[in-house]
file model-v3.tsv (TSV, C-alpha atoms)
chain	number	residue	atom	x	y	z
E	1	MET	CA	-152.56	-83.65	-36.16
E	2	SER	CA	-149.19	-82.16	-35.36
E	3	THR	CA	-148.41	-78.77	-36.90
E	4	ASN	CA	-144.71	-79.66	-37.13
E	5	ASN	CA	-143.04	-80.43	-40.43
E	6	PHE	CA	-140.31	-82.66	-41.81
E	7	ASN	CA	-138.90	-79.65	-43.70
E	8	ASN	CA	-138.15	-81.61	-46.84
E	9	LYS	CA	-136.07	-84.21	-44.96
E	10	ASN	CA	-136.16	-87.80	-46.19
E	11	VAL	CA	-138.11	-90.50	-44.36
E	12	VAL	CA	-137.40	-94.14	-45.20
E	13	ILE	CA	-140.29	-96.61	-45.40
E	14	THR	CA	-139.25	-100.25	-44.99
E	15	ARG	CA	-142.65	-101.96	-45.23
E	16	PRO	CA	-143.75	-103.91	-48.35
E	17	VAL	CA	-144.36	-101.78	-51.45
E	18	GLU	CA	-148.07	-102.59	-51.63
E	19	ARG	CA	-148.54	-101.37	-48.06
E	20	SER	CA	-146.43	-98.21	-48.35
E	21	LYS	CA	-148.92	-95.85	-50.00
E	22	VAL	CA	-150.62	-94.55	-46.85
E	23	LEU	CA	-147.37	-94.03	-44.99
E	24	ALA	CA	-145.78	-92.31	-47.99
E	25	SER	CA	-148.77	-89.95	-48.23
E	26	LEU	CA	-148.50	-89.11	-44.53
E	27	VAL	CA	-144.83	-88.24	-44.97
E	28	GLU	CA	-145.56	-86.03	-48.00
E	29	ASP	CA	-148.51	-84.33	-46.29
E	30	ASN	CA	-146.16	-83.37	-43.45
E	31	GLY	CA	-143.47	-81.90	-45.69
E	32	GLY	CA	-141.20	-84.93	-45.97
E	33	VAL	CA	-139.71	-86.92	-48.83
E	34	PRO	CA	-140.71	-90.61	-48.62
E	35	LEU	CA	-138.02	-93.08	-49.67
E	36	ILE	CA	-139.42	-96.58	-50.13
E	37	TYR	CA	-136.86	-99.29	-49.40
E	38	PRO	CA	-138.86	-102.45	-48.60
E	39	THR	CA	-137.00	-104.89	-46.37
E	40	LEU	CA	-140.01	-107.21	-46.31
E	41	GLU	CA	-142.09	-108.88	-49.01
E	42	LEU	CA	-145.43	-110.61	-48.51
E	43	GLN	CA	-146.30	-113.67	-50.59
E	44	LEU	CA	-149.85	-115.03	-50.36
E	45	VAL	CA	-149.98	-118.79	-49.78
E	46	ARG	CA	-152.73	-121.27	-50.67
E	47	SER	CA	-151.85	-123.81	-48.00
E	48	LYS	CA	-153.64	-127.10	-47.34
E	49	GLU	CA	-154.53	-125.85	-43.86
E	50	LEU	CA	-156.08	-122.66	-45.27
E	51	ILE	CA	-158.17	-124.68	-47.72
E	52	ASP	CA	-159.28	-126.95	-44.86
E	53	ILE	CA	-160.49	-123.93	-42.88
E	54	VAL	CA	-162.41	-122.58	-45.87
E	55	GLU	CA	-163.99	-125.94	-46.68
E	56	ASN	CA	-165.07	-126.40	-43.06
E	57	ILE	CA	-165.84	-122.79	-42.21
E	58	ASP	CA	-169.24	-123.70	-40.72
E	59	THR	CA	-167.52	-125.65	-37.95
E	60	PHE	CA	-165.70	-122.57	-36.62
E	61	ASP	CA	-166.96	-120.17	-33.97
E	62	TRP	CA	-164.35	-117.45	-34.54
E	63	ILE	CA	-161.85	-116.39	-37.17
E	64	ILE	CA	-159.00	-114.04	-36.27
E	65	PHE	CA	-157.22	-111.86	-38.79
E	66	THR	CA	-153.98	-110.26	-37.63
E	67	SER	CA	-153.04	-108.44	-40.86
E	68	PRO	CA	-154.50	-107.26	-44.18
E	69	ALA	CA	-152.51	-109.98	-45.97
E	70	GLY	CA	-154.27	-112.65	-43.91
E	71	VAL	CA	-157.66	-111.25	-44.90
E	72	LYS	CA	-156.75	-111.05	-48.57
E	73	SER	CA	-155.31	-114.56	-48.68
E	74	PHE	CA	-158.30	-116.08	-46.88
E	75	PHE	CA	-160.87	-114.51	-49.20
E	76	ASN	CA	-158.82	-115.35	-52.30
E	77	VAL	CA	-159.47	-118.97	-51.40
E	78	TYR	CA	-162.92	-118.47	-49.91
E	79	MET	CA	-164.34	-116.82	-53.03
E	80	GLN	CA	-163.45	-119.90	-55.08
E	81	TYR	CA	-165.79	-121.99	-52.93
E	82	TYR	CA	-168.71	-119.71	-52.11
E	83	ASP	CA	-170.78	-117.09	-53.95
E	84	ASP	CA	-171.46	-114.99	-50.84
E	85	ASN	CA	-168.55	-113.43	-48.94
E	86	THR	CA	-170.56	-112.91	-45.76
E	87	LEU	CA	-169.20	-115.02	-42.92
E	88	SER	CA	-171.61	-116.39	-40.32
E	89	LEU	CA	-169.00	-116.88	-37.61
E	90	LYS	CA	-167.60	-114.16	-35.33
E	91	ILE	CA	-164.62	-112.17	-36.58
E	92	ALA	CA	-161.79	-110.56	-34.63
E	93	VAL	CA	-159.14	-108.33	-36.18
E	94	ILE	CA	-155.99	-106.60	-35.01
E	95	GLY	CA	-155.53	-103.09	-36.34
E	96	VAL	CA	-157.31	-100.47	-38.37
E	97	LYS	CA	-155.84	-101.57	-41.71
E	98	THR	CA	-156.88	-105.16	-41.14
E	99	GLU	CA	-160.40	-103.97	-40.41
E	100	GLU	CA	-160.42	-101.85	-43.56
E	101	GLU	CA	-159.33	-104.85	-45.65
E	102	LEU	CA	-162.10	-106.96	-44.10
E	103	LEU	CA	-164.72	-104.33	-44.98
E	104	LYS	CA	-163.72	-104.67	-48.64
E	105	TYR	CA	-165.18	-108.17	-48.49
E	106	ASP	CA	-168.47	-106.97	-46.94
E	107	ASN	CA	-167.71	-108.22	-43.43
E	108	LYS	CA	-167.53	-106.25	-40.19
E	109	PRO	CA	-165.45	-107.38	-37.22
E	110	ASP	CA	-167.14	-108.34	-33.97
E	111	LEU	CA	-164.01	-107.62	-31.98
E	112	VAL	CA	-161.23	-105.04	-32.41
E	113	PRO	CA	-158.84	-104.54	-29.48
E	114	ASP	CA	-157.89	-101.07	-28.30
E	115	MET	CA	-154.23	-102.07	-28.40
E	116	PHE	CA	-153.27	-103.38	-31.84
E	117	THR	CA	-151.17	-106.33	-30.68
E	118	ALA	CA	-151.73	-109.99	-29.89
E	119	GLU	CA	-151.66	-109.02	-26.22
E	120	GLY	CA	-154.41	-106.46	-26.79
E	121	LEU	CA	-156.59	-109.05	-28.47
E	122	LEU	CA	-155.91	-111.62	-25.77
E	123	GLU	CA	-156.99	-109.11	-23.13
E	124	LYS	CA	-160.37	-108.86	-24.87
E	125	PHE	CA	-160.70	-112.63	-25.20
E	126	SER	CA	-159.89	-113.13	-21.53
E	127	SER	CA	-163.40	-111.95	-20.67
E	128	ILE	CA	-165.11	-114.03	-23.38
E	129	ASP	CA	-166.07	-117.69	-22.94
E	130	ILE	CA	-164.16	-119.48	-25.70
E	131	ASN	CA	-163.84	-122.78	-23.87
E	132	ASP	CA	-164.06	-125.59	-26.46
E	133	LYS	CA	-164.71	-123.04	-29.23
E	134	ASN	CA	-163.08	-123.55	-32.63
E	135	ILE	CA	-160.95	-120.61	-33.74
E	136	ALA	CA	-159.41	-120.22	-37.22
E	137	LEU	CA	-156.17	-118.24	-37.41
E	138	PRO	CA	-154.91	-117.63	-40.97
E	139	ARG	CA	-151.55	-115.85	-40.80
E	140	THR	CA	-147.83	-116.16	-41.44
E	141	LEU	CA	-146.11	-119.04	-39.66
E	142	SER	CA	-143.28	-116.70	-38.65
E	143	ALA	CA	-145.61	-114.82	-36.27
E	144	ARG	CA	-145.19	-115.07	-32.52
E	145	LYS	CA	-146.81	-118.06	-30.78
E	146	ILE	CA	-148.34	-116.07	-27.93
E	147	LEU	CA	-151.73	-115.67	-29.65
E	148	PRO	CA	-152.55	-119.33	-30.42
E	149	ASP	CA	-150.85	-120.60	-27.27
E	150	THR	CA	-152.79	-118.30	-24.95
E	151	LEU	CA	-156.10	-118.90	-26.72
E	152	GLU	CA	-155.56	-122.60	-26.14
E	153	GLU	CA	-154.86	-121.85	-22.47
E	154	TYR	CA	-158.28	-120.17	-22.44
E	155	GLY	CA	-159.73	-123.50	-23.59
E	156	ALA	CA	-160.13	-122.84	-27.32
E	157	ASN	CA	-159.30	-125.20	-30.17
E	158	VAL	CA	-157.03	-123.12	-32.42
E	159	TYR	CA	-156.40	-123.99	-36.06
E	160	VAL	CA	-153.44	-122.09	-37.49
E	161	ALA	CA	-153.13	-121.93	-41.28
E	162	GLN	CA	-150.36	-120.40	-43.31
E	163	ALA	CA	-151.98	-117.63	-45.35
E	164	TYR	CA	-148.87	-115.76	-46.45
E	165	LYS	CA	-145.11	-115.71	-46.12
E	166	SER	CA	-143.04	-112.80	-44.90
E	167	VAL	CA	-139.77	-113.03	-46.83
E	168	ILE	CA	-136.72	-110.97	-47.70
E	169	PRO	CA	-137.33	-109.17	-51.02
E	170	GLU	CA	-135.78	-110.78	-54.07
E	171	ASN	CA	-134.06	-107.49	-54.93
E	172	ARG	CA	-131.51	-107.35	-52.12
E	173	LYS	CA	-129.56	-104.59	-53.88
E	174	GLU	CA	-132.06	-101.99	-52.66
E	175	ILE	CA	-131.51	-103.09	-49.07
E	176	ILE	CA	-127.75	-102.82	-49.52
E	177	GLU	CA	-128.26	-99.35	-51.05
E	178	LEU	CA	-130.32	-98.36	-48.00
E	179	SER	CA	-127.57	-99.61	-45.71
E	180	ASP	CA	-124.97	-97.57	-47.62
E	181	LYS	CA	-127.08	-94.42	-47.34
E	182	LEU	CA	-127.53	-94.98	-43.60
E	183	ILE	CA	-123.81	-95.50	-43.07
E	184	GLU	CA	-123.03	-92.37	-45.12
E	185	GLY	CA	-125.39	-90.37	-42.91
E	186	CYS	CA	-127.78	-89.57	-45.78
E	187	ILE	CA	-130.98	-90.76	-44.06
E	188	ASP	CA	-132.77	-88.35	-41.73
E	189	TYR	CA	-135.50	-90.70	-40.45
E	190	ILE	CA	-136.28	-94.39	-40.87
E	191	THR	CA	-139.51	-96.18	-39.97
E	192	PHE	CA	-140.00	-99.85	-39.09
E	193	THR	CA	-143.51	-101.33	-38.99
E	194	SER	CA	-142.85	-104.96	-38.00
E	195	PRO	CA	-140.06	-106.99	-36.40
E	196	LEU	CA	-139.08	-108.51	-39.76
E	197	THR	CA	-138.55	-105.11	-41.35
E	198	VAL	CA	-135.70	-104.74	-38.86
E	199	ARG	CA	-134.43	-108.33	-38.87
E	200	ASN	CA	-134.37	-108.58	-42.67
E	201	LEU	CA	-132.29	-105.42	-42.99
E	202	ILE	CA	-129.77	-106.79	-40.51
E	203	THR	CA	-129.82	-110.27	-42.09
E	204	VAL	CA	-129.14	-109.07	-45.64
E	205	ILE	CA	-126.16	-106.98	-44.55
E	206	GLU	CA	-124.91	-109.78	-42.30
E	207	GLU	CA	-125.03	-112.22	-45.23
E	208	ASP	CA	-124.01	-109.97	-48.14
E	209	GLU	CA	-121.92	-107.17	-46.59
E	210	SER	CA	-120.79	-108.62	-43.28
E	211	ASP	CA	-117.82	-106.25	-42.97
E	212	ARG	CA	-120.27	-103.32	-42.86
E	213	LEU	CA	-122.72	-104.75	-40.31
E	214	ASP	CA	-121.18	-102.92	-37.35
E	215	ASP	CA	-121.22	-99.68	-39.36
E	216	LEU	CA	-124.91	-100.17	-40.16
E	217	ILE	CA	-125.86	-100.74	-36.53
E	218	ASP	CA	-123.77	-97.73	-35.49
E	219	ALA	CA	-125.56	-95.61	-38.12
E	220	LEU	CA	-128.97	-96.68	-36.82
E	221	ARG	CA	-127.83	-95.75	-33.32
E	222	ASN	CA	-126.20	-92.43	-34.10
E	223	LYS	CA	-126.81	-91.11	-37.63
E	224	THR	CA	-130.59	-91.24	-38.04
E	225	ILE	CA	-133.77	-91.02	-36.00
E	226	VAL	CA	-135.54	-94.36	-35.84
E	227	ALA	CA	-139.31	-94.80	-35.49
E	228	SER	CA	-141.04	-98.05	-34.51
E	229	ILE	CA	-144.76	-98.66	-34.95
E	230	GLY	CA	-145.01	-100.41	-31.57
E	231	PRO	CA	-143.36	-102.37	-28.77
E	232	ILE	CA	-142.91	-105.68	-30.61
E	233	THR	CA	-140.86	-104.00	-33.34
E	234	ALA	CA	-139.09	-101.80	-30.79
E	235	LYS	CA	-138.01	-104.90	-28.87
E	236	VAL	CA	-136.01	-106.09	-31.89
E	237	LEU	CA	-134.35	-102.68	-32.25
E	238	HIS	CA	-133.45	-102.71	-28.57
E	239	GLU	CA	-131.66	-106.05	-29.07
E	240	TYR	CA	-129.10	-104.02	-31.01
E	241	ASN	CA	-129.19	-101.11	-28.54
E	242	ILE	CA	-130.93	-98.96	-31.15
E	243	GLU	CA	-133.15	-96.32	-29.57
E	244	CYS	CA	-136.43	-95.49	-31.26
E	245	ILE	CA	-139.54	-93.38	-30.89
E	246	GLU	CA	-142.77	-95.29	-30.40
E	247	PRO	CA	-146.42	-94.11	-30.46
E	248	GLU	CA	-148.95	-94.98	-27.78
E	249	ARG	CA	-151.39	-96.17	-30.45
E	250	TYR	CA	-149.84	-98.57	-32.94
E	251	THR	CA	-150.77	-97.08	-36.32
E	252	VAL	CA	-148.62	-95.48	-39.02
E	253	LYS	CA	-150.45	-92.18	-38.53
E	254	ASP	CA	-149.66	-92.11	-34.83
E	255	MET	CA	-146.08	-93.16	-35.54
E	256	ILE	CA	-145.63	-90.19	-37.88
E	257	ASN	CA	-147.25	-87.78	-35.42
E	258	THR	CA	-145.03	-89.05	-32.61
E	259	LEU	CA	-141.99	-88.66	-34.85
E	260	LEU	CA	-142.99	-85.07	-35.64
E	261	GLU	CA	-143.45	-84.32	-31.95
E	262	LYS	CA	-139.96	-85.70	-31.29
E	263	ILE	CA	-138.50	-83.45	-33.98
E	264	SER	CA	-140.04	-80.36	-32.37
E	265	GLU	CA	-138.48	-81.03	-28.95
call {"tool": "encode", "arguments": {"input": "model-v3.tsv", "output": "structure tokens"}}
result
Amino acid sequence: MSTNNFNNKNVVITRPVERSKVLASLVEDNGGVPLIYPTLELQLVRSKELIDIVENIDTFDWIIFTSPAGVKSFFNVYMQYYDDNTLSLKIAVIGVKTEEELLKYDNKPDLVPDMFTAEGLLEKFSSIDINDKNIALPRTLSARKILPDTLEEYGANVYVAQAYKSVIPENRKEIIELSDKLIEGCIDYITFTSPLTVRNLITVIEEDESDRLDDLIDALRNKTIVASIGPITAKVLHEYNIECIEPERYTVKDMINTLLEKISE
């Protein structure tokens, strides 16, 4: 853990409210003031495809969870069909938080990649025989296609089911308020933990305050220090020529530690 300190500076958290607690605590523990401005909202979905996976769970060899929301949505449906939460198929997860959510339902993952991205998981699967294996993938439909597409290239039969939606929060006024604070130079640090936390901020200002969009992007470039949880989110920031710090390990704890190290330079 870094011995550096935020010195009472404010740190914006853009992830959904229900997933902000750990990050807010990390900011406070390191002497910062967390400001929660969610630019992303997660809505669990009971889709036909998700129900089909649950009803036919015994026909699957693997299930892959890429986020805590996917785990929660799956078991919300699963528990309506079965008395025992224990899954008999193999389970892969991306990320520490996804694993922690899975453990709440009395299941342990068989596979957790070292790198918490689709690419990291695919690297692990590249050495596993999944030819003609059935793989369930409950997730948001807005996610990148690289995971199911590559698994199919490996010979697997992949069944994607919408388990949740990643949407712009209904209260757009908070996002506009965040934009105003950024433009005014009132934000010391801002964190982004997924591509949509960036895109939604840009989209709301583009749609609701289009005359201030250039000012917002300039503020993110020059008036605040930006932290990204990993390369996929950083790629979106780079589309707007916004520089950001990025940890080697893609967790909120490592992101905060990397940010603190940057401050001390």
call {"tool": "residues_around", "arguments": {"input": "model-v3.tsv", "residues": "Gly185 (chain E)", "least_positions_apart": "3", "cutoff": "7 Å", "atoms": "only C-alpha atoms", "output": "PDB file with C-alpha atoms, keeping the file's coordinate frame"}}
result
ATOM      1  CA  LYS E 181    -127.080 -94.420 -47.340  1.00  0.00           C
ATOM      2  CA  LEU E 182    -127.530 -94.980 -43.600  1.00  0.00           C
ATOM      3  CA  LYS E 223    -126.810 -91.110 -37.630  1.00  0.00           C
TER       4      LYS E 223
END
call {"tool": "closest_residue", "arguments": {"input": "model-v3.tsv", "among": "E:Lys145, E:Leu220, E:Glu119, E:Val71", "to": "Leu103 (chain E)", "atoms": "only C-alpha atoms"}}
result
E:Val71
call {"tool": "atom_distance", "arguments": {"input": "model-v3.tsv", "atom1": "CA of Tyr240 (chain E)", "atom2": "CA of Ile217 (chain E)"}}
result
7.2 Å
call {"tool": "closest_residue", "arguments": {"input": "model-v3.tsv", "among": "E:Leu151, E:Tyr159, E:Ile176, E:Tyr189", "to": "Leu216 (chain E)", "atoms": "only C-alpha atoms"}}
result
E:Ile176
call {"tool": "atom_distance", "arguments": {"input": "model-v3.tsv", "atom1": "CA of Asp114 (chain E)", "atom2": "CA of Arg144 (chain E)"}}
result
19.4 Å
call {"tool": "atom_distance", "arguments": {"input": "model-v3.tsv", "atom1": "CA of Asn171 (chain E)", "atom2": "CA of Pro38 (chain E)"}}
result
9.4 Å
call {"tool": "residues_near_point", "arguments": {"input": "model-v3.tsv", "point": "(-140.5, -112.6, -50.7)", "cutoff": "9 Å", "atoms": "only C-alpha atoms", "output": "list in words"}}
result
Leu40, Glu41, Leu42, Gln43, Lys165, Ser166, Val167, Ile168, Pro169 and Glu170 of chain E
call {"tool": "closest_residue", "arguments": {"input": "model-v3.tsv", "among": "E:Ile183, E:Glu248, E:Leu196, E:Glu55", "to": "Gln80 (chain E)", "atoms": "only C-alpha atoms"}}
result
E:Glu55
call {"tool": "closest_residue", "arguments": {"input": "model-v3.tsv", "among": "E:Leu102, E:Val54, E:Val96, E:Leu141", "to": "Tyr82 (chain E)", "atoms": "all atoms listed in the file"}}
result
E:Val54
call {"tool": "residues_around", "arguments": {"input": "model-v3.tsv", "residues": "Ser47 (chain E)", "least_positions_apart": "4", "cutoff": "10 Å", "atoms": "only C-alpha atoms", "output": "ChimeraX atom specification"}}
result
/E:51-52,73,77,138,161-164
call {"tool": "closest_residue", "arguments": {"input": "model-v3.tsv", "among": "E:Val93, E:Leu50, E:Phe60, E:Glu261", "to": "Tyr78 (chain E)", "atoms": "all atoms listed in the file"}}
result
E:Leu50
call {"tool": "residues_around", "arguments": {"input": "model-v3.tsv", "residues": "Thr86 (chain E)", "least_positions_apart": "5", "cutoff": "10 Å", "atoms": "all atoms listed in the file", "output": "ChimeraX atom specification"}}
result
/E:105-108
call {"tool": "closest_residue", "arguments": {"input": "model-v3.tsv", "among": "E:Thr193, E:Thr66, E:Asn241, E:Thr140", "to": "Asn222 (chain E)", "atoms": "all atoms listed in the file"}}
result
E:Asn241
call {"tool": "residues_around", "arguments": {"input": "model-v3.tsv", "residues": "Lys124 (chain E)", "least_positions_apart": "6", "cutoff": "9 Å", "atoms": "only C-alpha atoms", "output": "PyMOL selection string"}}
result
chain E and resi 111-114
call {"tool": "residues_around", "arguments": {"input": "model-v3.tsv", "residues": "Ile229 (chain E)", "least_positions_apart": "3", "cutoff": "7 Å", "atoms": "all atoms listed in the file", "output": "list in words"}}
result
Phe192, Thr193, Thr233, Glu246, Pro247, Tyr250, Thr251, Val252 and Met255 of chain E
call {"tool": "residues_near_point", "arguments": {"input": "model-v3.tsv", "point": "(-130.8, -94.0, -32.2)", "cutoff": "8 Å", "atoms": "all atoms listed in the file", "output": "PyMOL selection string"}}
result
chain E and resi 220-226+242-244
call {"tool": "write_last_selection", "arguments": {"input": "model-v3.tsv", "atoms": "C-alpha atoms", "output": "PDB file, in the coordinates of the input"}}
result
ATOM      1  CA  LEU E 220    -128.970 -96.680 -36.820  1.00  0.00           C
ATOM      2  CA  ARG E 221    -127.830 -95.750 -33.320  1.00  0.00           C
ATOM      3  CA  ASN E 222    -126.200 -92.430 -34.100  1.00  0.00           C
ATOM      4  CA  LYS E 223    -126.810 -91.110 -37.630  1.00  0.00           C
ATOM      5  CA  THR E 224    -130.590 -91.240 -38.040  1.00  0.00           C
ATOM      6  CA  ILE E 225    -133.770 -91.020 -36.000  1.00  0.00           C
ATOM      7  CA  VAL E 226    -135.540 -94.360 -35.840  1.00  0.00           C
ATOM      8  CA  ILE E 242    -130.930 -98.960 -31.150  1.00  0.00           C
ATOM      9  CA  GLU E 243    -133.150 -96.320 -29.570  1.00  0.00           C
ATOM     10  CA  CYS E 244    -136.430 -95.490 -31.260  1.00  0.00           C
TER      11      CYS E 244
END
call {"tool": "build_atoms", "arguments": {"input": "model-v3.tsv", "residues": "region 197-215 of chain E", "atoms": "N, CA, C and O atoms", "output": "mmCIF file, in the frame of the given file"}}
result
data_model
loop_
_atom_site.group_PDB
_atom_site.id
_atom_site.type_symbol
_atom_site.label_atom_id
_atom_site.label_comp_id
_atom_site.auth_asym_id
_atom_site.auth_seq_id
_atom_site.Cartn_x
_atom_site.Cartn_y
_atom_site.Cartn_z
ATOM 1 N N THR E 197 -139.137 -106.211 -40.594
ATOM 2 C CA THR E 197 -138.550 -105.110 -41.350
ATOM 3 C C THR E 197 -137.183 -104.742 -40.784
ATOM 4 O O THR E 197 -136.292 -104.294 -41.513
ATOM 5 N N VAL E 198 -137.003 -104.958 -39.495
ATOM 6 C CA VAL E 198 -135.700 -104.740 -38.860
ATOM 7 C C VAL E 198 -134.780 -105.934 -39.112
ATOM 8 O O VAL E 198 -133.657 -105.780 -39.600
ATOM 9 N N ARG E 199 -135.269 -107.123 -38.788
ATOM 10 C CA ARG E 199 -134.430 -108.330 -38.870
ATOM 11 C C ARG E 199 -133.923 -108.566 -40.299
ATOM 12 O O ARG E 199 -132.770 -108.974 -40.503
ATOM 13 N N ASN E 200 -134.787 -108.325 -41.289
ATOM 14 C CA ASN E 200 -134.370 -108.580 -42.670
ATOM 15 C C ASN E 200 -133.277 -107.621 -43.118
ATOM 16 O O ASN E 200 -132.367 -108.006 -43.860
ATOM 17 N N LEU E 201 -133.354 -106.374 -42.689
ATOM 18 C CA LEU E 201 -132.290 -105.420 -42.990
ATOM 19 C C LEU E 201 -130.968 -105.905 -42.419
ATOM 20 O O LEU E 201 -129.941 -105.942 -43.122
ATOM 21 N N ILE E 202 -130.983 -106.300 -41.165
ATOM 22 C CA ILE E 202 -129.770 -106.790 -40.510
ATOM 23 C C ILE E 202 -129.275 -108.060 -41.184
ATOM 24 O O ILE E 202 -128.070 -108.227 -41.449
ATOM 25 N N THR E 203 -130.194 -108.980 -41.501
ATOM 26 C CA THR E 203 -129.820 -110.270 -42.090
ATOM 27 C C THR E 203 -129.152 -110.111 -43.444
ATOM 28 O O THR E 203 -128.130 -110.754 -43.727
ATOM 29 N N VAL E 204 -129.719 -109.259 -44.308
ATOM 30 C CA VAL E 204 -129.140 -109.070 -45.640
ATOM 31 C C VAL E 204 -127.720 -108.525 -45.545
ATOM 32 O O VAL E 204 -126.809 -108.997 -46.238
ATOM 33 N N ILE E 205 -127.501 -107.550 -44.693
ATOM 34 C CA ILE E 205 -126.160 -106.980 -44.550
ATOM 35 C C ILE E 205 -125.217 -108.002 -43.911
ATOM 36 O O ILE E 205 -124.051 -108.118 -44.310
ATOM 37 N N GLU E 206 -125.723 -108.751 -42.953
ATOM 38 C CA GLU E 206 -124.910 -109.780 -42.300
ATOM 39 C C GLU E 206 -124.459 -110.836 -43.309
ATOM 40 O O GLU E 206 -123.323 -111.320 -43.254
ATOM 41 N N GLU E 207 -125.339 -111.175 -44.255
ATOM 42 C CA GLU E 207 -125.030 -112.220 -45.230
ATOM 43 C C GLU E 207 -124.261 -111.695 -46.446
ATOM 44 O O GLU E 207 -123.393 -112.384 -46.985
ATOM 45 N N ASP E 208 -124.576 -110.472 -46.882
ATOM 46 C CA ASP E 208 -124.010 -109.970 -48.140
ATOM 47 C C ASP E 208 -122.891 -108.953 -47.959
ATOM 48 O O ASP E 208 -122.045 -108.802 -48.845
ATOM 49 N N GLU E 209 -122.912 -108.231 -46.827
ATOM 50 C CA GLU E 209 -121.920 -107.170 -46.590
ATOM 51 C C GLU E 209 -121.471 -107.232 -45.129
ATOM 52 O O GLU E 209 -121.515 -106.220 -44.416
ATOM 53 N N SER E 210 -121.037 -108.394 -44.700
ATOM 54 C CA SER E 210 -120.790 -108.620 -43.280
ATOM 55 C C SER E 210 -119.778 -107.653 -42.676
ATOM 56 O O SER E 210 -119.860 -107.311 -41.494
ATOM 57 N N ASP E 211 -118.827 -107.181 -43.492
ATOM 58 C CA ASP E 211 -117.820 -106.250 -42.970
ATOM 59 C C ASP E 211 -118.397 -104.886 -42.649
ATOM 60 O O ASP E 211 -117.753 -104.061 -41.988
ATOM 61 N N ARG E 212 -119.644 -104.624 -43.093
ATOM 62 C CA ARG E 212 -120.270 -103.320 -42.860
ATOM 63 C C ARG E 212 -121.402 -103.398 -41.826
ATOM 64 O O ARG E 212 -122.070 -102.387 -41.577
ATOM 65 N N LEU E 213 -121.613 -104.582 -41.245
ATOM 66 C CA LEU E 213 -122.720 -104.750 -40.310
ATOM 67 C C LEU E 213 -122.574 -103.827 -39.100
ATOM 68 O O LEU E 213 -123.544 -103.168 -38.694
ATOM 69 N N ASP E 214 -121.391 -103.783 -38.519
ATOM 70 C CA ASP E 214 -121.180 -102.920 -37.350
ATOM 71 C C ASP E 214 -121.415 -101.452 -37.699
ATOM 72 O O ASP E 214 -121.964 -100.686 -36.895
ATOM 73 N N ASP E 215 -121.011 -101.068 -38.920
ATOM 74 C CA ASP E 215 -121.220 -99.680 -39.360
ATOM 75 C C ASP E 215 -122.703 -99.378 -39.506
ATOM 76 O O ASP E 215 -123.155 -98.269 -39.175
#
